[in-house]
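Listing of structure-v1.txt, compact mmCIF, C-alpha atoms
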# COMPACT_ATOMS: atom_id res chain seq x y z
CA MET A 1 0.00 0.00 0.00
CA ARG A 2 1.29 3.46 -0.90
CA ASN A 3 0.94 6.74 0.94
CA SER A 4 -0.80 9.06 -1.54
CA ARG A 5 1.02 12.12 -0.17
CA THR A 6 4.58 10.84 -0.37
CA ASN A 7 4.18 8.06 -2.97
CA LEU A 8 6.06 5.80 -0.58
CA ARG A 9 4.95 2.28 0.22
CA SER A 10 3.54 1.85 3.73
CA TYR A 11 4.23 -1.32 5.69
CA ALA A 12 1.71 -0.55 8.41
CA ASP A 13 -0.18 -3.81 9.03
CA ALA A 14 1.69 -5.43 6.12
CA ARG A 15 2.22 -9.19 6.29
CA ALA A 16 5.97 -9.77 5.85
CA LEU A 17 8.22 -12.83 5.74
CA VAL A 18 11.95 -12.19 6.23
CA THR A 19 14.51 -14.97 5.83
CA GLY A 20 17.79 -14.73 7.70
CA GLY A 21 16.01 -12.37 10.06
CA CYS A 22 17.76 -13.29 13.32
CA SER A 23 20.92 -11.31 12.68
CA GLY A 24 22.63 -8.68 10.58
CA LEU A 25 20.75 -6.87 7.84
CA GLY A 26 17.75 -9.17 8.15
CA LEU A 27 17.27 -8.42 11.85
CA GLU A 28 17.58 -4.66 11.30
CA LEU A 29 14.96 -4.80 8.53
CA VAL A 30 12.69 -6.75 10.88
CA LYS A 31 13.05 -4.03 13.51
CA LEU A 32 12.16 -1.32 10.98
CA LEU A 33 9.11 -3.25 9.79
CA VAL A 34 7.87 -3.81 13.34
CA ALA A 35 8.39 -0.14 14.18
CA GLU A 36 6.13 0.77 11.26
CA GLY A 37 3.43 -1.65 12.38
CA ALA A 38 4.01 -4.63 10.09
CA ARG A 39 3.21 -8.20 11.05
CA VAL A 40 6.44 -10.14 10.64
CA LEU A 41 7.35 -13.80 10.31
CA VAL A 42 11.07 -14.53 10.52
CA GLY A 43 12.54 -17.64 8.98
CA ASP A 44 16.06 -18.74 9.91
CA VAL A 45 18.10 -21.92 10.29
CA HIS A 46 17.84 -22.12 14.10
CA GLU A 47 15.33 -24.55 15.54
CA GLU A 48 14.19 -21.68 17.75
CA ALA A 49 15.02 -17.99 17.53
CA PRO A 50 17.94 -17.06 19.84
CA ALA A 51 16.48 -15.77 23.11
CA GLY A 52 15.94 -12.03 23.19
CA THR A 53 16.89 -11.53 19.55
CA LEU A 54 13.58 -10.69 17.86
CA PRO A 55 11.27 -7.77 18.72
CA LEU A 56 8.12 -8.58 20.66
CA GLY A 57 5.27 -9.84 18.52
CA VAL A 58 7.44 -11.26 15.74
CA GLN A 59 6.60 -14.82 14.73
CA TYR A 60 9.34 -17.35 14.06
CA ARG A 61 9.69 -20.55 12.05
CA GLN A 62 12.75 -22.62 11.30
CA LEU A 63 13.41 -22.13 7.60
CA ASP A 64 16.55 -23.47 5.97
CA VAL A 65 16.30 -21.91 2.49
CA ARG A 66 17.76 -25.09 0.99
CA SER A 67 14.69 -27.06 2.10
CA ASP A 68 11.71 -27.23 -0.26
CA GLU A 69 9.72 -28.83 2.55
CA GLN A 70 10.36 -25.96 4.97
CA TRP A 71 9.44 -23.42 2.30
CA ASP A 72 6.14 -25.25 1.79
CA GLU A 73 5.55 -25.24 5.55
CA ALA A 74 6.15 -21.49 5.66
CA ARG A 75 3.62 -20.98 2.85
CA VAL A 76 1.03 -23.06 4.69
CA TRP A 77 1.63 -21.05 7.87
CA VAL A 78 1.13 -17.77 5.98
CA GLU A 79 -2.04 -19.04 4.31
CA THR A 80 -3.45 -20.32 7.60
CA HIS A 81 -2.63 -17.33 9.81
CA TRP A 82 -2.61 -14.37 7.41
CA GLN A 83 -4.47 -15.55 4.28
CA GLY A 84 -1.88 -13.77 2.15
CA LEU A 85 1.50 -12.05 2.06
CA ASP A 86 2.39 -8.45 1.24
CA LEU A 87 6.18 -8.55 1.48
CA LEU A 88 8.70 -11.35 0.93
CA VAL A 89 12.30 -10.52 1.88
CA ASN A 90 14.75 -13.17 0.64
CA ASN A 91 17.69 -12.13 2.79
CA ALA A 92 19.31 -15.34 4.06
CA GLY A 93 22.82 -15.85 2.74
CA VAL A 94 26.39 -16.89 3.41
CA ALA A 95 29.81 -15.53 2.45
CA ALA A 96 32.49 -17.20 0.40
CA GLY A 97 35.47 -16.20 -1.65
CA GLY A 98 38.43 -17.72 -3.40
CA ARG A 99 40.42 -18.06 -6.57
CA ILE A 100 38.87 -20.17 -9.31
CA ASP A 101 41.57 -22.84 -9.14
CA VAL A 102 41.43 -23.11 -5.34
CA THR A 103 37.71 -23.05 -4.52
CA SER A 104 36.31 -26.58 -4.42
CA MET A 105 33.20 -27.75 -6.23
CA ASP A 106 31.63 -28.57 -2.87
CA ASP A 107 32.04 -24.90 -1.89
CA TRP A 108 30.46 -23.83 -5.19
CA LYS A 109 27.48 -26.13 -4.64
CA TRP A 110 27.09 -24.88 -1.05
CA ILE A 111 26.91 -21.20 -1.91
CA VAL A 112 24.77 -21.72 -5.01
CA ASP A 113 22.24 -23.73 -3.03
CA ILE A 114 21.92 -21.08 -0.32
CA ASN A 115 22.54 -17.69 -1.95
CA LEU A 116 20.96 -18.29 -5.34
CA LEU A 117 18.63 -21.26 -5.15
CA GLY A 118 17.44 -20.17 -1.70
CA VAL A 119 16.14 -16.98 -3.32
CA VAL A 120 14.70 -18.92 -6.25
CA ARG A 121 12.81 -21.21 -3.86
CA GLY A 122 11.34 -18.25 -1.99
CA CYS A 123 10.17 -16.56 -5.18
CA ARG A 124 8.70 -19.80 -6.59
CA THR A 125 6.92 -20.59 -3.35
CA PHE A 126 5.14 -17.28 -2.94
CA THR A 127 4.67 -15.95 -6.48
CA PRO A 128 1.40 -17.90 -6.98
CA MET A 129 0.00 -16.33 -3.82
CA LEU A 130 1.08 -12.83 -4.87
CA LYS A 131 -0.39 -13.36 -8.34
CA GLU A 132 -3.69 -14.54 -6.92
CA GLN A 133 -4.00 -11.46 -4.73
CA ARG A 134 -2.71 -9.28 -7.61
CA GLY A 135 -0.09 -7.41 -5.67
CA GLY A 136 2.81 -7.48 -3.24
CA GLN A 137 6.55 -6.91 -3.11
CA ILE A 138 9.55 -9.21 -3.38
CA VAL A 139 12.84 -7.94 -1.96
CA ASN A 140 15.98 -9.95 -2.70
CA THR A 141 19.27 -9.25 -0.93
CA ALA A 142 22.15 -9.45 -3.40
CA SER A 143 25.37 -7.46 -3.05
CA LEU A 144 27.51 -4.93 -4.83
CA ALA A 145 29.37 -8.09 -5.84
CA GLY A 146 26.40 -8.86 -8.06
CA LEU A 147 27.13 -5.73 -10.09
CA VAL A 148 30.89 -5.17 -9.72
CA HIS A 149 33.06 -8.26 -10.06
CA SER A 150 36.49 -8.10 -8.44
CA PRO A 151 39.06 -10.91 -8.69
CA ALA A 152 39.21 -13.83 -6.25
CA MET A 153 35.46 -13.82 -5.57
CA ALA A 154 34.15 -15.94 -8.43
CA SER A 155 31.60 -17.98 -6.48
CA TYR A 156 30.21 -15.05 -4.48
CA ASN A 157 30.14 -12.74 -7.51
CA SER A 158 28.36 -15.38 -9.57
CA VAL A 159 25.55 -16.14 -7.13
CA LYS A 160 24.94 -12.48 -6.34
CA ALA A 161 24.90 -11.61 -10.05
CA GLY A 162 22.40 -14.43 -10.42
CA VAL A 163 20.17 -12.85 -7.76
CA VAL A 164 20.30 -9.53 -9.62
CA ALA A 165 19.44 -11.27 -12.91
CA LEU A 166 16.60 -13.21 -11.29
CA SER A 167 15.24 -10.02 -9.75
CA GLU A 168 15.35 -8.11 -13.04
CA THR A 169 13.57 -10.96 -14.79
CA LEU A 170 10.81 -11.01 -12.17
CA LEU A 171 10.57 -7.20 -12.25
CA HIS A 172 9.22 -7.46 -15.79
CA GLU A 173 7.57 -10.87 -15.58
CA LEU A 174 5.45 -10.07 -12.53
CA SER A 175 4.58 -6.43 -13.24
CA PRO A 176 1.20 -7.33 -14.84
CA TRP A 177 0.14 -8.57 -11.38
CA ASN A 178 1.27 -5.34 -9.67
CA ILE A 179 4.12 -7.19 -7.94
CA VAL A 180 7.04 -4.89 -7.17
CA VAL A 181 10.58 -6.33 -7.15
CA THR A 182 13.53 -4.76 -5.34
CA VAL A 183 17.12 -6.00 -5.12
CA ILE A 184 19.42 -4.69 -2.36
CA CYS A 185 23.11 -4.39 -3.28
CA PRO A 186 25.27 -3.32 -0.31
CA SER A 187 29.06 -3.27 -0.34
CA PHE A 188 31.05 -4.52 2.65
CA PHE A 189 29.50 -3.70 6.02
CA ARG A 190 30.04 -4.91 9.58
CA THR A 191 27.98 -8.03 10.12
CA ASN A 192 28.28 -11.62 11.33
CA LEU A 193 28.37 -12.77 7.69
CA ALA A 194 32.09 -13.35 8.03
CA SER A 195 31.37 -16.22 10.43
CA SER A 196 29.82 -18.19 7.58
CA LEU A 197 32.99 -18.18 5.48
CA GLN A 198 34.29 -21.61 4.61
CA GLY A 199 36.49 -23.05 1.92
CA LYS A 200 40.02 -23.93 0.93
CA ASP A 201 41.23 -20.46 -0.07
CA VAL A 202 42.10 -19.35 3.46
CA GLU A 203 44.20 -16.36 2.36
CA MET A 204 41.35 -14.85 0.35
CA GLU A 205 38.86 -15.41 3.12
CA GLU A 206 41.13 -13.75 5.69
CA THR A 207 41.08 -10.64 3.50
CA ALA A 208 37.29 -10.79 3.24
CA VAL A 209 36.96 -11.05 7.02
CA ASP A 210 39.23 -8.03 7.39
CA LEU A 211 37.13 -5.98 4.94
CA ILE A 212 33.89 -6.94 6.69
CA THR A 213 35.06 -6.30 10.24
CA LYS A 214 36.73 -2.97 9.37
CA ALA A 215 33.97 -1.64 7.09
CA PRO A 216 32.85 1.95 7.81
CA ARG A 217 29.17 1.01 8.06
CA GLY A 218 27.18 -1.43 10.15
CA ALA A 219 23.93 -3.27 9.53
CA VAL A 220 21.84 -0.44 11.03
CA GLU A 221 23.01 2.10 8.46
CA VAL A 222 22.70 -0.33 5.56
CA ALA A 223 19.20 -1.40 6.64
CA ALA A 224 18.04 2.22 6.83
CA ALA A 225 19.15 2.86 3.24
CA ALA A 226 17.71 -0.45 2.04
CA TYR A 227 14.39 0.21 3.78
CA ALA A 228 14.09 3.65 2.19
CA GLY A 229 14.68 2.07 -1.23
CA MET A 230 12.09 -0.63 -0.55
CA LYS A 231 9.49 1.93 0.45
CA ALA A 232 10.21 3.96 -2.69
CA GLY A 233 9.74 0.85 -4.82
CA LYS A 234 13.21 1.14 -6.38
CA PHE A 235 14.56 -1.78 -8.33
CA ILE A 236 18.30 -1.64 -7.53
CA VAL A 237 19.09 -0.21 -4.10
CA LEU A 238 22.74 0.76 -3.61
CA THR A 239 23.04 1.36 0.10
CA ASP A 240 26.32 3.27 0.33
CA PRO A 241 28.35 5.94 -1.52
CA ASP A 242 31.33 3.74 -2.40
CA GLY A 243 28.98 1.20 -3.96
CA ARG A 244 27.39 3.88 -6.11
CA ILE A 245 30.81 5.10 -7.22
CA ALA A 246 31.95 1.60 -8.18
CA TYR A 247 28.75 0.74 -10.03
CA ASN A 248 28.59 4.07 -11.85
CA SER A 249 32.23 3.72 -12.83
CA LYS A 250 31.37 0.44 -14.51
CA ARG A 251 28.29 1.92 -16.21
CA PHE A 252 29.60 5.31 -17.29
CA SER A 253 33.38 5.08 -17.26
CA ARG A 254 33.99 1.54 -18.38
CA PRO A 255 37.67 2.00 -19.37
CA VAL A 256 38.46 3.18 -15.82
CA TYR A 257 36.61 0.23 -14.34
CA THR A 258 38.29 -2.30 -16.65
CA ALA A 259 41.77 -0.89 -16.06
CA THR A 260 41.23 -0.98 -12.30
CA MET A 261 40.07 -4.61 -12.36
CA LYS A 262 43.00 -5.65 -14.54
CA ARG A 263 45.45 -4.02 -12.14
CA ALA A 264 43.72 -5.79 -9.28
CA GLY A 265 44.22 -9.11 -11.05
CA LYS A 266 47.91 -8.36 -11.60
CA SER A 267 48.31 -7.36 -7.95
CA LEU A 268 46.71 -10.61 -6.88
CA ALA A 269 49.01 -12.64 -9.15
CA LYS A 270 52.04 -10.97 -7.53
CA GLY A 271 50.84 -11.74 -4.03
CA GLY A 272 49.15 -8.41 -3.41
CA PRO A 273 45.83 -7.79 -1.65
CA ALA A 274 43.26 -10.47 -2.40
CA ILE A 275 40.39 -7.99 -2.69
CA PRO A 276 42.06 -4.61 -3.30
CA PRO A 277 40.46 -1.26 -2.41
CA LEU A 278 38.86 -0.91 -5.82
CA VAL A 279 36.57 1.98 -4.95
CA ALA A 280 39.39 4.21 -3.76
CA LYS A 281 41.30 3.59 -6.97
CA MET A 282 38.22 4.30 -9.07
CA GLN A 283 37.55 7.51 -7.18
CA ALA A 284 41.09 8.73 -7.72
CA ARG A 285 41.14 7.98 -11.42
CA MET A 286 37.70 9.45 -12.03
CA ALA A 287 38.73 12.60 -10.15
CA GLN A 288 41.82 12.90 -12.34
CA ARG A 289 39.77 12.50 -15.51
CA SER A 290 37.34 15.21 -14.40
CA LYS A 291 40.09 17.86 -14.05
In structure tokens, what does this structure look like?
Amino acid sequence: MRNSRTNLRSYADARALVTGGCSGLGLELVKLLVAEGARVLVGDVHEEAPAGTLPLGVQYRQLDVRSDEQWDEARVWVETHWQGLDLLVNNAGVAAGGRIDVTSMDDWKWIVDINLLGVVRGCRTFTPMLKEQRGGQIVNTASLAGLVHSPAMASYNSVKAGVVALSETLLHELSPWNIVVTVICPSFFRTNLASSLQGKDVEMEETAVDLITKAPRGAVEVAAAAYAGMKAGKFIVLTDPDGRIAYNSKRFSRPVYTATMKRAGKSLAKGGPAIPPLVAKMQARMAQRSK
């Protein structure tokens, strides 16, 4: 439902399902929804929500996004208790990184099943319901890595790019039913996502942990920007300035972007930083070109 004065979507009394809602970005989005008066169901991998984690009044179900059965159970719960859904937030995800010749196929299958197919399952499960009621919103959490593809992150880049592609497809496919689709693309921010890292490329993952833990923003700031984009009905929501610079460099100054990525690859080959500070380099070169 939209506020006629501001043209912003209102979540007051909205029926919302948020996956990965017990921590990080998902939990902060849950808090914002509750503060606006939404009815919220959180799905996460825990058998029970960690004590004291969720705001009062929030419902909880165990929902491993790899499980078709648990997705079906969540749909039945929504049908039984709410008779419909206004907002689906596919936020659950894990982190991974690594060079293409080091990352194992088991690690590829793990991240694809959670970060990409987990979103696919959510969309497939609830699209019939949203079509039947002729309206609703799907919000998928991707990453800046879905738009800007630095070296040594092949698996993570690929699944997040897949979420962006899926979201764009559904944006057009579902518009005749008045279903709005939003994809959130944050860059590194402080979260517990680093705890999910696993794989053989330990050196690359140590760099990723360092970037996450030392990021200038936390989940609260990222959630606020994401929430504003959701309410405005934007398609791609870039939650931070460095993400916008990196993405716009790729879109509007492609030679700068390509040169930066190539230098990053050369640095990596010589034993340099695994995930170099690409945004800072892009900013500097774009500033030089503008003089």
Query raised in the report: For the atom pair atom CA of Ala142 of chain A and atom CA of Ile184 of chain A, what is the interatomic distance in Å to one decimal place?
Result: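 Spanning atom CA of Ala142 of chain A to atom CA of Ile184 of chain A is a straight-line distance of 5.6 Å.
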Report summary line: A straight line from atom CA of Leu117 of chain A to atom CA of Ser67 of chain A spans 10.1 Å
Query raised in the report: Which of these residues is nearest to Gly26 of chain A, using all atoms listed in the file: A:Tyr227, A:Phe252, A:Phe126, A:Tyr247?
Result: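 Of the candidates, the smallest distance to Gly26 of chain A is held by A:Tyr227.
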Report task. Tell me, in Å to one decimal, how far atom CA of Ala14 of chain A is from atom CA of Leu116 of chain A. Result -> 25.8 Å
Report task. Could you give me, as a PyMOL selection string, the residues within 10 Å of Trp110 of chain A, counting only C-alpha atoms and dropping anything in the same chain fewer than 2 positions from it? Result -> chain A and resi 66+94+96+104-108+112-116+155+198
**Report entry** Shell of 7 Å around Tyr60 of chain A, only C-alpha atoms, local chain residues under 3 positions omitted, as a list in words
**Finding:** Leu41, Val42, Gly43 and Ala49 of chain A
Those residues with C-alpha atoms, as a CSV table (one decimal), keeping the file's coordinate frame please?
chain,number,residue,atom,x,y,z
A,41,LEU,CA,7.4,-13.8,10.3
A,42,VAL,CA,11.1,-14.5,10.5
A,43,GLY,CA,12.5,-17.6,9.0
A,49,ALA,CA,15.0,-18.0,17.5
**Report entry** Within 9 Å of Ser187 of chain A using only C-alpha atoms, minus same-chain residues under 2 positions, as a PyMOL selection string
**Finding:** chain A and resi 143-145+185+189+238-240+242-243
Query raised in the report: Can you tell me, as a list in words, which residues sit within 6 Å of (6.8, -11.7, -8.0) in the file's frame, using only C-alpha atoms?
Result: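 Protein, DNA and RNA residues close to (6.8, -11.7, -8.0): Thr127, Ile138, Leu170, Leu174 and Ile179 of chain A.
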Query raised in the report: Quick one: of A:Thr258, A:Thr125, A:Asp44, A:Leu32, who's nearest to Ala225 of chain A, counting all atoms listed in the file?
Result: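 Once distances to Ala225 of chain A are computed over all atoms listed in the file, the minimum belongs to A:Leu32.
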Listed atoms of segment 118-136 of chain A boxed axis-aligned with 5 Å per side, centre + edges as JSON:
{"center_x": 6.7, "center_y": -14.3, "center_z": -5.0, "size_x": 31.4, "size_y": 23.8, "size_z": 16.6}
Query raised in the report: Within 12 Å of Ala165 of chain A, counting all atoms listed in the file, which residues qualify if same-chain residues fewer than 2 places away don't, as a list of chain:residue names?
Result: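 Residues meeting the cut-off are A:Leu116, A:Val119, A:Val120, A:Asn140, A:Ala142, A:Gly146, A:Leu147, A:Ser158, A:Val159, A:Lys160, A:Ala161, A:Gly162, A:Val163, A:Ser167, A:Glu168, A:Thr169, A:Leu170, A:Leu171, A:His172, A:Val181, A:Thr182, A:Val183, A:Phe235, A:Ile236.
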Report task. Fewer than 5 positions away in the same chain doesn't count, so skip those; otherwise give me all residues within 8 Å of Met230 of chain A, counting only C-alpha atoms, as a PyMOL selection string. Result -> chain A and resi 9+139+182+237
Quick one: contact table of segment 15-80 of chain A to segment 129-136 of chain A, 10 Å max, nearest atom pair and distance in Å to one decimal per residue, counting only C-alpha atoms, chain and number order, as CSV?
residue,atom,partner,partner_atom,distance
A:Arg15,CA,A:Gly136,CA,9.7
A:Ala16,CA,A:Gly136,CA,9.9
A:Arg75,CA,A:Met129,CA,8.9
A:Val78,CA,A:Met129,CA,10.0
A:Glu79,CA,A:Met129,CA,8.8
Report summary line: Between A:Val18, A:Ile100, A:Ala154, A:Leu87, smallest distance to Leu63 of chain A by all atoms listed in the file belongs to A:Val18
